>>> print(open('protein.cif').read())   # mmCIF, C-alpha atoms (C1' of nucleotides)
data_run
loop_
_atom_site.label_atom_id
_atom_site.label_comp_id
_atom_site.auth_asym_id
_atom_site.auth_seq_id
_atom_site.Cartn_x
_atom_site.Cartn_y
_atom_site.Cartn_z
CA MET A 809 39.33 17.29 -26.64
CA PRO A 810 39.23 21.00 -25.74
CA PRO A 811 40.59 22.99 -28.68
CA THR A 812 43.06 25.34 -27.01
CA ALA A 813 42.50 25.22 -23.27
CA ALA A 814 45.35 22.94 -22.23
CA THR A 815 48.14 24.86 -23.90
CA ALA A 816 48.61 27.29 -21.02
CA ALA A 817 49.00 24.50 -18.44
CA PRO A 818 52.46 23.68 -17.05
CA ALA A 819 54.45 21.05 -18.88
CA GLY A 820 54.17 18.24 -16.34
CA PRO A 821 51.57 16.96 -13.87
CA ALA A 822 51.48 17.67 -10.16
CA VAL A 823 54.37 15.95 -8.40
CA ASP A 824 54.38 14.88 -4.78
CA ALA A 825 57.36 16.63 -3.23
CA ALA A 826 58.09 13.81 -0.79
CA THR A 827 57.87 10.80 -3.13
CA GLY A 828 58.46 12.27 -6.56
CA PHE A 829 55.38 10.42 -7.81
CA ARG A 830 52.98 12.10 -10.20
CA SER A 831 49.38 12.34 -9.18
CA PHE A 832 46.45 11.80 -11.52
CA THR A 833 43.92 13.76 -9.51
CA GLU A 834 44.07 16.71 -11.91
CA SER A 835 43.71 15.09 -15.30
CA ALA A 836 43.65 18.39 -17.19
CA GLU A 837 47.37 18.91 -16.64
CA LEU A 838 48.47 15.64 -18.20
CA PRO A 839 50.21 15.41 -21.58
CA GLU A 840 48.45 13.41 -24.26
CA PRO A 841 48.92 9.64 -24.02
CA LEU A 842 50.89 7.85 -26.70
CA PRO A 843 48.81 6.11 -29.40
CA GLU A 844 46.69 3.32 -27.93
CA PRO A 845 43.53 1.40 -28.79
CA ALA A 846 40.32 2.94 -27.54
CA ARG A 847 38.24 1.06 -25.00
CA ALA A 848 35.86 -0.22 -27.66
CA GLU A 849 38.76 -1.45 -29.76
CA LEU A 850 40.26 -3.71 -27.08
CA ARG A 851 40.54 -7.31 -28.26
CA LEU A 852 40.49 -10.19 -25.82
CA GLU A 853 42.97 -12.21 -27.92
CA ALA A 854 45.45 -9.34 -27.94
CA VAL A 855 45.09 -8.69 -24.22
CA LEU A 856 45.58 -12.35 -23.37
CA ALA A 857 48.57 -12.61 -25.69
CA ALA A 858 50.16 -9.63 -23.98
CA LEU A 859 49.57 -11.21 -20.58
CA SER A 860 50.94 -14.61 -21.60
CA ASP A 861 54.50 -13.39 -21.04
CA PRO A 862 55.68 -13.67 -17.40
CA LEU A 863 57.64 -10.42 -17.60
CA ARG A 864 54.62 -8.47 -18.80
CA LEU A 865 52.38 -10.23 -16.31
CA TYR A 866 54.77 -9.07 -13.60
CA VAL A 867 54.64 -5.48 -14.87
CA VAL A 868 50.86 -5.40 -15.00
CA ARG A 869 50.54 -6.99 -11.58
CA LYS A 870 52.98 -4.52 -10.04
CA LEU A 871 51.10 -1.61 -11.54
CA LEU A 872 47.84 -3.07 -10.32
CA LEU A 873 48.93 -3.64 -6.75
CA GLU A 874 51.34 -0.77 -6.16
CA ALA A 875 50.44 2.11 -8.46
CA GLU A 876 46.70 2.56 -8.65
CA ARG A 877 46.66 6.36 -9.01
CA ILE A 878 50.27 6.96 -9.94
CA ASP A 879 52.39 6.22 -12.97
CA HIS A 880 56.00 5.12 -13.06
CA PRO A 881 58.87 5.14 -15.55
CA CYS A 882 60.21 1.87 -16.92
CA GLY A 883 63.15 1.89 -14.51
CA TRP A 884 60.87 1.82 -11.47
CA PHE A 885 59.95 -1.82 -12.04
CA GLY A 886 63.42 -3.12 -11.22
CA ILE A 887 63.67 -5.45 -14.20
CA ASP A 888 67.19 -6.56 -15.00
CA ARG A 889 66.99 -6.50 -18.80
CA PRO A 890 68.49 -4.27 -21.49
CA LYS A 891 66.63 -1.06 -22.11
CA SER A 892 65.74 -2.06 -25.64
CA SER A 893 64.02 -5.19 -24.34
CA LEU A 894 61.97 -3.17 -21.89
CA THR A 895 60.95 -0.78 -24.65
CA HIS A 896 59.64 -3.75 -26.60
CA HIS A 897 57.58 -5.16 -23.73
CA PHE A 898 56.10 -1.83 -22.65
CA ARG A 899 55.13 -1.04 -26.23
CA THR A 900 53.52 -4.47 -26.52
CA LEU A 901 51.47 -3.74 -23.41
CA ARG A 902 50.46 -0.32 -24.69
CA GLU A 903 49.49 -1.54 -28.18
CA ALA A 904 47.37 -4.30 -26.64
CA GLY A 905 45.62 -1.65 -24.54
CA LEU A 906 46.80 -2.70 -21.10
CA ILE A 907 48.82 0.36 -20.15
CA ARG A 908 48.76 4.07 -20.98
CA GLN A 909 52.05 5.84 -21.57
CA ARG A 910 52.65 9.55 -21.18
CA GLN A 911 55.82 11.47 -21.91
CA TYR A 912 57.12 13.73 -19.12
CA GLY A 913 60.18 15.33 -20.59
CA LEU A 914 62.78 12.63 -20.24
CA SER A 915 60.97 9.78 -18.61
CA ARG A 916 57.80 8.02 -19.70
CA GLY A 917 55.02 7.29 -17.25
CA ASN A 918 53.28 3.92 -17.33
CA GLN A 919 49.77 3.61 -15.96
CA LEU A 920 47.47 0.61 -15.94
CA ARG A 921 44.15 1.19 -17.75
CA VAL A 922 42.15 -0.18 -14.86
CA ALA A 923 38.78 1.35 -15.76
CA ASP A 924 38.93 0.33 -19.42
CA LEU A 925 40.02 -3.20 -18.61
CA GLU A 926 37.41 -3.68 -15.92
CA ALA A 927 34.72 -2.37 -18.25
CA ARG A 928 35.62 -4.62 -21.15
CA PHE A 929 36.98 -7.68 -19.34
CA PRO A 930 35.56 -7.73 -15.83
CA GLY A 931 37.49 -10.02 -13.51
CA LEU A 932 40.59 -10.21 -15.64
CA LEU A 933 42.67 -7.98 -13.38
CA ALA A 934 41.66 -10.05 -10.37
CA LEU A 935 43.29 -13.05 -12.04
CA VAL A 936 46.45 -11.01 -12.56
CA ALA A 937 46.44 -9.96 -8.92
CA ASP A 938 46.28 -13.60 -7.81
CA TRP A 939 49.13 -14.64 -10.08
CA ARG A 940 52.44 -15.79 -8.64
CA PRO A 941 55.65 -15.93 -10.69
CA PRO A 942 56.77 -19.40 -11.82
CA ALA A 943 59.81 -19.93 -9.55
CA GLY A 944 60.92 -17.01 -7.37
CA MET B 1264 39.92 -42.88 -7.45
CA PRO B 1265 38.49 -46.38 -6.94
CA PRO B 1266 41.32 -48.91 -7.31
CA THR B 1267 39.80 -51.58 -9.58
CA ALA B 1268 36.14 -50.80 -10.03
CA ALA B 1269 36.20 -49.39 -13.54
CA THR B 1270 37.84 -52.35 -15.25
CA ALA B 1271 34.66 -54.34 -15.70
CA ALA B 1272 32.75 -51.44 -17.26
CA PRO B 1273 31.93 -51.40 -20.98
CA ALA B 1274 34.43 -49.81 -23.33
CA GLY B 1275 32.60 -46.53 -23.95
CA PRO B 1276 30.38 -44.19 -21.95
CA ALA B 1277 26.62 -44.02 -22.15
CA VAL B 1278 25.53 -42.70 -25.53
CA ASP B 1279 22.28 -40.90 -26.20
CA ALA B 1280 20.55 -42.90 -28.91
CA ALA B 1281 18.96 -39.85 -30.50
CA THR B 1282 21.92 -37.50 -30.65
CA GLY B 1283 24.94 -39.80 -30.50
CA PHE B 1284 26.40 -37.61 -27.78
CA ARG B 1285 28.16 -39.16 -24.83
CA SER B 1286 26.90 -38.31 -21.39
CA PHE B 1287 29.11 -37.68 -18.37
CA THR B 1288 26.52 -38.46 -15.75
CA GLU B 1289 28.16 -41.82 -14.98
CA SER B 1290 31.80 -40.94 -14.63
CA ALA B 1291 32.87 -44.42 -13.59
CA GLU B 1292 32.47 -45.71 -17.16
CA LEU B 1293 34.85 -43.26 -18.75
CA PRO B 1294 38.25 -44.20 -20.17
CA GLU B 1295 41.26 -42.51 -18.65
CA PRO B 1296 41.96 -38.98 -19.93
CA LEU B 1297 45.07 -38.31 -21.97
CA PRO B 1298 47.99 -36.76 -20.04
CA GLU B 1299 47.11 -33.32 -18.72
CA PRO B 1300 48.28 -30.95 -15.97
CA ALA B 1301 46.54 -31.41 -12.64
CA ARG B 1302 44.41 -28.60 -11.26
CA ALA B 1303 47.20 -27.40 -8.96
CA GLU B 1304 49.65 -27.34 -11.86
CA LEU B 1305 47.64 -24.99 -14.05
CA ARG B 1306 49.66 -21.89 -14.98
CA LEU B 1307 47.95 -18.62 -15.78
CA GLU B 1308 50.56 -17.72 -18.43
CA ALA B 1309 50.02 -21.03 -20.22
CA VAL B 1310 46.25 -20.76 -20.09
CA LEU B 1311 46.29 -17.21 -21.44
CA ALA B 1312 48.74 -18.16 -24.17
CA ALA B 1313 46.45 -21.00 -25.24
CA LEU B 1314 43.50 -18.61 -25.33
CA SER B 1315 45.35 -15.94 -27.30
CA ASP B 1316 44.67 -17.78 -30.57
CA PRO B 1317 41.25 -17.01 -32.11
CA LEU B 1318 40.76 -20.58 -33.31
CA ARG B 1319 41.35 -22.00 -29.84
CA LEU B 1320 39.25 -19.28 -28.28
CA TYR B 1321 36.45 -20.33 -30.61
CA VAL B 1322 36.84 -23.98 -29.60
CA VAL B 1323 36.78 -23.21 -25.88
CA ARG B 1324 33.81 -20.90 -26.25
CA LYS B 1325 31.86 -23.46 -28.24
CA LEU B 1326 32.54 -26.11 -25.63
CA LEU B 1327 31.56 -23.71 -22.89
CA LEU B 1328 28.26 -22.64 -24.43
CA GLU B 1329 27.13 -25.78 -26.24
CA ALA B 1330 28.63 -28.80 -24.52
CA GLU B 1331 28.49 -28.42 -20.78
CA ARG B 1332 27.96 -32.06 -19.89
CA ILE B 1333 28.93 -33.68 -23.18
CA ASP B 1334 32.16 -34.13 -25.08
CA HIS B 1335 32.67 -33.96 -28.82
CA PRO B 1336 35.21 -35.19 -31.35
CA CYS B 1337 37.36 -32.71 -33.23
CA GLY B 1338 35.15 -32.85 -36.31
CA TRP B 1339 32.10 -31.61 -34.40
CA PHE B 1340 33.46 -28.07 -34.24
CA GLY B 1341 33.12 -27.48 -37.95
CA ILE B 1342 36.56 -25.95 -38.41
CA ASP B 1343 37.72 -25.88 -42.01
CA ARG B 1344 41.38 -26.72 -41.45
CA PRO B 1345 43.56 -29.75 -42.17
CA LYS B 1346 43.38 -32.48 -39.58
CA SER B 1347 47.01 -32.04 -38.63
CA SER B 1348 46.34 -28.41 -37.76
CA LEU B 1349 43.43 -29.36 -35.55
CA THR B 1350 45.54 -31.96 -33.77
CA HIS B 1351 48.06 -29.25 -32.98
CA HIS B 1352 45.48 -26.85 -31.53
CA PHE B 1353 43.62 -29.44 -29.48
CA ARG B 1354 46.87 -30.73 -28.04
CA THR B 1355 47.86 -27.17 -27.16
CA LEU B 1356 44.59 -26.74 -25.30
CA ARG B 1357 45.00 -30.03 -23.48
CA GLU B 1358 48.61 -29.40 -22.45
CA ALA B 1359 47.67 -25.97 -21.13
CA GLY B 1360 44.94 -27.63 -19.08
CA LEU B 1361 41.90 -26.16 -20.77
CA ILE B 1362 40.36 -29.32 -22.17
CA ARG B 1363 40.29 -32.98 -21.25
CA GLN B 1364 40.60 -35.55 -24.01
CA ARG B 1365 39.39 -39.14 -23.83
CA GLN B 1366 39.81 -41.85 -26.40
CA TYR B 1367 36.62 -43.68 -27.47
CA GLY B 1368 37.84 -46.26 -29.93
CA LEU B 1369 38.32 -44.22 -33.08
CA SER B 1370 37.27 -40.75 -32.12
CA ARG B 1371 38.55 -38.57 -29.31
CA GLY B 1372 36.21 -36.70 -27.00
CA ASN B 1373 36.99 -33.12 -26.02
CA GLN B 1374 35.57 -31.71 -22.81
CA LEU B 1375 36.14 -28.32 -21.20
CA ARG B 1376 37.61 -28.51 -17.68
CA VAL B 1377 35.04 -26.13 -16.30
CA ALA B 1378 35.41 -26.99 -12.61
CA ASP B 1379 39.20 -26.85 -12.63
CA LEU B 1380 39.28 -23.57 -14.52
CA GLU B 1381 36.67 -21.93 -12.33
CA ALA B 1382 38.50 -23.06 -9.21
CA ARG B 1383 41.89 -21.76 -10.29
CA PHE B 1384 40.90 -18.79 -12.46
CA PRO B 1385 37.43 -17.65 -11.43
CA GLY B 1386 35.82 -15.42 -14.01
CA LEU B 1387 38.06 -16.43 -16.87
CA LEU B 1388 35.44 -18.53 -18.62
CA ALA B 1389 32.95 -15.68 -18.38
CA LEU B 1390 35.34 -13.58 -20.45
CA VAL B 1391 35.52 -16.35 -23.02
CA ALA B 1392 31.73 -16.56 -23.14
CA ASP B 1393 31.50 -12.82 -23.88
CA TRP B 1394 34.07 -13.00 -26.64
CA ARG B 1395 33.10 -12.36 -30.24
CA PRO B 1396 35.24 -13.41 -33.22
CA PRO B 1397 37.20 -10.62 -34.95
CA ALA B 1398 35.23 -10.32 -38.22
CA GLY B 1399 32.57 -12.92 -38.94
"C1'" DT C 807 78.61 23.62 -23.71
"C1'" DT C 808 79.33 19.27 -21.79
"C1'" DC C 809 77.74 15.44 -19.54
"C1'" DC C 810 74.31 12.37 -17.61
"C1'" DT C 811 70.00 10.15 -17.89
"C1'" DT C 812 65.73 7.96 -19.94
"C1'" DG C 813 64.20 5.84 -23.51
"C1'" DT C 814 63.69 5.00 -28.81
"C1'" DA C 815 65.09 3.13 -33.45
"C1'" DC C 816 67.23 -0.11 -36.05
"C1'" DG C 817 69.07 -4.35 -37.21
"C1'" DA C 818 70.62 -9.20 -36.42
"C1'" DG C 819 70.32 -13.65 -34.32
"C1'" DT C 820 67.52 -16.97 -32.34
"C1'" DT C 821 63.54 -19.23 -30.90
"C1'" DG C 822 58.96 -20.65 -31.03
"C1'" DC C 823 54.57 -21.09 -33.13
"C1'" DA C 824 51.13 -21.71 -36.87
"C1'" DT C 825 50.22 -24.11 -41.00
"C1'" DC C 826 50.01 -27.90 -43.81
"C1'" DG C 827 51.16 -32.21 -46.77
"C1'" DT C 828 52.14 -36.78 -46.34
"C1'" DA C 829 52.48 -41.18 -44.29
"C1'" DC C 830 50.92 -43.92 -40.66
"C1'" DT C 831 47.98 -46.23 -36.74
"C1'" DG C 832 44.15 -48.63 -35.05
"C1'" DG C 833 39.19 -49.46 -34.42
"C1'" DA C 834 34.74 -50.42 -36.84
"C1'" DG C 835 31.90 -52.19 -40.36
"C1'" DA C 836 30.87 -54.67 -44.79
"C1'" DT D 1044 40.01 -59.57 -45.02
"C1'" DC D 1045 39.46 -55.35 -47.00
"C1'" DT D 1046 38.18 -50.82 -46.69
"C1'" DC D 1047 36.99 -46.60 -44.51
"C1'" DC D 1048 37.65 -43.23 -41.06
"C1'" DA D 1049 39.31 -40.19 -37.00
"C1'" DG D 1050 43.13 -38.70 -35.59
"C1'" DT D 1051 48.46 -38.84 -34.81
"C1'" DA D 1052 53.39 -38.30 -36.06
"C1'" DC D 1053 56.76 -36.30 -38.65
"C1'" DG D 1054 58.94 -32.92 -41.22
"C1'" DA D 1055 59.20 -28.54 -43.88
"C1'" DT D 1056 58.01 -23.86 -44.40
"C1'" DG D 1057 57.08 -19.26 -43.25
"C1'" DC D 1058 56.22 -15.82 -40.04
"C1'" DA D 1059 56.08 -13.46 -35.72
"C1'" DA D 1060 58.03 -12.66 -31.38
"C1'" DC D 1061 61.78 -12.39 -27.96
"C1'" DT D 1062 66.46 -10.79 -26.97
"C1'" DC D 1063 70.01 -7.82 -27.31
"C1'" DG D 1064 73.86 -4.55 -28.91
"C1'" DT D 1065 74.60 -0.37 -30.82
"C1'" DA D 1066 73.66 4.16 -32.19
"C1'" DC D 1067 70.79 8.01 -31.58
"C1'" DA D 1068 67.43 11.81 -29.61
"C1'" DA D 1069 66.19 14.94 -26.11
"C1'" DG D 1070 65.57 17.06 -21.37
"C1'" DG D 1071 68.08 18.61 -17.17
"C1'" DA D 1072 71.94 19.97 -14.41
"C1'" DA D 1073 76.71 21.54 -13.69
#
>>> encode(input="protein.cif", output="structure tokens")
Amino acid sequence: MPPTAATAAPAGPAVDAATGFRSFTESAELPEPLPEPARAELRLEAVLAALSDPLRLYVVRKLLLEAERIDHPCGWFGIDRPKSSLTHHFRTLREAGLIRQRQYGLSRGNQLRVADLEARFPGLLALVADWRPPAG
Amino acid sequence: MPPTAATAAPAGPAVDAATGFRSFTESAELPEPLPEPARAELRLEAVLAALSDPLRLYVVRKLLLEAERIDHPCGWFGIDRPKSSLTHHFRTLREAGLIRQRQYGLSRGNQLRVADLEARFPGLLALVADWRPPAG
DNA sequence: TTCCTTGTACGAGTTGCATCGTACTGGAGA
DNA sequence: TCTCCAGTACGATGCAACTCGTACAAGGAA
């Protein structure tokens, strides 16, 4: 944590002009993530509980397969549920340590914690990648 | 599945005289398992939900590390809970497809479905083996 | 300033799960 | 036959999670 260096940086991260996606190549420009467990604090029970819900499994899988270096707001996932329900599920994922959330003005970027998860639970994300939804 | 061969076998499996443990080297002698999902029916969500409970994680890990070729009754695990609670957790594990249960007269043998789990969810059991209980 | 958008906070209703006491079943041994 | 024993079945309780509607906060654009 640099004491004062980041304050002069622009408010948001670099944005691809064509896609509107935010890039993570320059990590110094990013706003601080919302509260989350550190890598050493990740609990297998909590991670598995978070992944035992098909909706959250879908979110994690979509992030894993389609958003490796880019984060996306909640609306990007195309889930037809009330906003308050999505808030609940994304917070569950963040508190279990599966995703990192950053605030960009209005929207909130969701990024999978690939490195942390692979370090603590190697092979787990491969199981998520192989998953298929129950019926459809 | 041999059509009629197993009917003439003795009631129980081979038992080690020194330890009292039942061996699975002669599978033809075993009684039929209790109802369980077939390998192709295993659902990742259900398996992860079953493993999200620390008590069940402990049971699966103990079976994985200490009972590879042998099954054990519920009492063997040394869990200080009422019997009705243990029935609930072992049934949850069986219905999710993690363990196989066979009736030997009075007691019921619990065996981890290592081959099925490795085939459907490779690497999952390695995560269970690395798990450590929360505090103690 | 006014409106739109993204998402949170709060609360209520509902469901499901964990826990456990009690009664019961069915085999094994004295 | 009588008793013990491993485990089930049933029902009650309490708690946590899922779902959702509504109200609210805050940035961005007209």
>>> closest_atom_pairs(input="protein.cif", of="chain C", to="chain A", cutoff="9 Å", atoms="only C-alpha atoms (C1' of nucleotides)", output="tab-separated table")
residue	atom	partner	partner_atom	distance
C:DT811	C1'	A:Leu914	CA	8.0
C:DT812	C1'	A:Ser915	CA	5.3
C:DG813	C1'	A:Ser915	CA	7.1
C:DT814	C1'	A:Thr895	CA	7.6
>>> resolve_selection(input="protein.cif", expression="the PyMOL selection byres ((chain C and resi 826) around 10)", output="list in words")
Arg1344, Pro1345, Lys1346, Ser1347 and Ser1348 of chain B; DA824, DT825, DG827 and DT828 of chain C; DA1055 and DT1056 of chain D
>>> interface_residues(input="protein.cif", of="chain A", to="chain B", cutoff="12 Å", atoms="all atoms listed in the file", output="JSON, numbers by chain")
{"A": [849, 850, 851, 852, 853, 854, 855, 856, 857, 858, 859, 860, 861, 862, 863, 864, 865, 866, 904, 925, 926, 927, 928, 929, 930, 931, 932, 933, 934, 935, 936, 937, 938, 939, 940, 941, 942, 943]}
>>> resolve_selection(input="protein.cif", expression="the PyMOL selection byres ((chain D) within 10 of (chain A))", output="PyMOL selection string")
chain D and resi 1061-1064+1069-1071
>>> write_last_selection(input="protein.cif", atoms="C-alpha atoms (C1' of nucleotides)", output="tab-separated table (two decimals), keeping the file's coordinate frame")
chain	number	residue	atom	x	y	z
D	1061	DC	C1'	61.78	-12.39	-27.96
D	1062	DT	C1'	66.46	-10.79	-26.97
D	1063	DC	C1'	70.01	-7.82	-27.31
D	1064	DG	C1'	73.86	-4.55	-28.91
D	1069	DA	C1'	66.19	14.94	-26.11
D	1070	DG	C1'	65.57	17.06	-21.37
D	1071	DG	C1'	68.08	18.61	-17.17
>>> resolve_selection(input="protein.cif", expression="the PyMOL selection byres ((chain C and resi 830) around 9)", output="JSON, numbers by chain")
{"C": [829, 831], "D": [1051, 1052]}
>>> atom_distance(input="protein.cif", atom1="atom CA of Leu906 of chain A", atom2="atom CA of Leu920 of chain A")
6.2 Å
>>> closest_residue(input="protein.cif", among="A:Arg877, A:Phe885, A:Thr900, A:Val867", to="DA1060 of chain D", atoms="all atoms listed in the file")
A:Thr900
>>> residues_around(input="protein.cif", residues="segment 1364-1366 of chain B", least_positions_apart="2", cutoff="8 Å", atoms="all atoms listed in the file", output="PyMOL selection string")
chain B and resi 1293-1297+1357+1362+1368-1374
>>> residues_around(input="protein.cif", residues="DA836 of chain C", least_positions_apart="6", cutoff="12 Å", atoms="all atoms listed in the file", output="list in words")
DT1044, DC1045, DT1046 and DC1047 of chain D
>>> residues_around(input="protein.cif", residues="DT1065 of chain D", least_positions_apart="2", cutoff="10 Å", atoms="only C-alpha atoms (C1' of nucleotides)", output="list in words")
DC816 and DG817 of chain C; DC1063 and DC1067 of chain D
>>> atom_distance(input="protein.cif", atom1="atom CA of Val868 of chain A", atom2="atom CA of Gly886 of chain A")
13.3 Å
>>> atom_distance(input="protein.cif", atom1="atom CA of Arg908 of chain A", atom2="atom CA of Arg921 of chain A")
6.3 Å
>>> residues_around(input="protein.cif", residues="DA1059 of chain D", least_positions_apart="5", cutoff="12 Å", atoms="all atoms listed in the file", output="VMD selection string")
chain C and resid 821 to 824
>>> write_last_selection(input="protein.cif", atoms="C-alpha atoms (C1' of nucleotides)", output="mmCIF file, in the frame of the given file")
data_model
loop_
_atom_site.group_PDB
_atom_site.id
_atom_site.type_symbol
_atom_site.label_atom_id
_atom_site.label_comp_id
_atom_site.auth_asym_id
_atom_site.auth_seq_id
_atom_site.Cartn_x
_atom_site.Cartn_y
_atom_site.Cartn_z
ATOM 1 C "C1'" DT C 821 63.540 -19.230 -30.900
ATOM 2 C "C1'" DG C 822 58.960 -20.650 -31.030
ATOM 3 C "C1'" DC C 823 54.570 -21.090 -33.130
ATOM 4 C "C1'" DA C 824 51.130 -21.710 -36.870
#
>>> build_atoms(input="protein.cif", residues="segment 920-934 of chain A", atoms="N, CA and C atoms", output="tab-separated table (two decimals), keeping the file's coordinate frame")
chain	number	residue	atom	x	y	z
A	920	LEU	N	48.37	1.68	-15.55
A	920	LEU	CA	47.47	0.61	-15.94
A	920	LEU	C	46.09	1.19	-16.28
A	921	ARG	N	45.47	0.69	-17.35
A	921	ARG	CA	44.15	1.19	-17.75
A	921	ARG	C	43.07	0.41	-17.00
A	922	VAL	N	43.00	0.63	-15.71
A	922	VAL	CA	42.15	-0.18	-14.86
A	922	VAL	C	40.68	-0.06	-15.27
A	923	ALA	N	40.21	1.17	-15.47
A	923	ALA	CA	38.78	1.35	-15.76
A	923	ALA	C	38.41	0.71	-17.09
A	924	ASP	N	39.23	0.92	-18.11
A	924	ASP	CA	38.93	0.33	-19.42
A	924	ASP	C	38.94	-1.19	-19.36
A	925	LEU	N	39.91	-1.75	-18.67
A	925	LEU	CA	40.02	-3.20	-18.61
A	925	LEU	C	38.88	-3.80	-17.80
A	926	GLU	N	38.52	-3.15	-16.71
A	926	GLU	CA	37.41	-3.68	-15.92
A	926	GLU	C	36.09	-3.59	-16.69
A	927	ALA	N	35.96	-2.53	-17.49
A	927	ALA	CA	34.72	-2.37	-18.25
A	927	ALA	C	34.60	-3.42	-19.35
A	928	ARG	N	35.68	-3.70	-20.02
A	928	ARG	CA	35.62	-4.62	-21.15
A	928	ARG	C	35.79	-6.08	-20.73
A	929	PHE	N	36.66	-6.31	-19.74
A	929	PHE	CA	36.98	-7.68	-19.34
A	929	PHE	C	36.88	-7.81	-17.83
A	930	PRO	N	35.69	-7.74	-17.29
A	930	PRO	CA	35.56	-7.73	-15.83
A	930	PRO	C	36.10	-9.02	-15.22
A	931	GLY	N	36.90	-8.87	-14.19
A	931	GLY	CA	37.49	-10.02	-13.51
A	931	GLY	C	38.88	-10.37	-13.97
A	932	LEU	N	39.27	-9.85	-15.12
A	932	LEU	CA	40.59	-10.21	-15.64
A	932	LEU	C	41.71	-9.74	-14.71
A	933	LEU	N	41.60	-8.51	-14.23
A	933	LEU	CA	42.67	-7.98	-13.38
A	933	LEU	C	42.74	-8.73	-12.05
A	934	ALA	N	41.62	-9.25	-11.60
A	934	ALA	CA	41.66	-10.05	-10.37
A	934	ALA	C	42.51	-11.30	-10.57
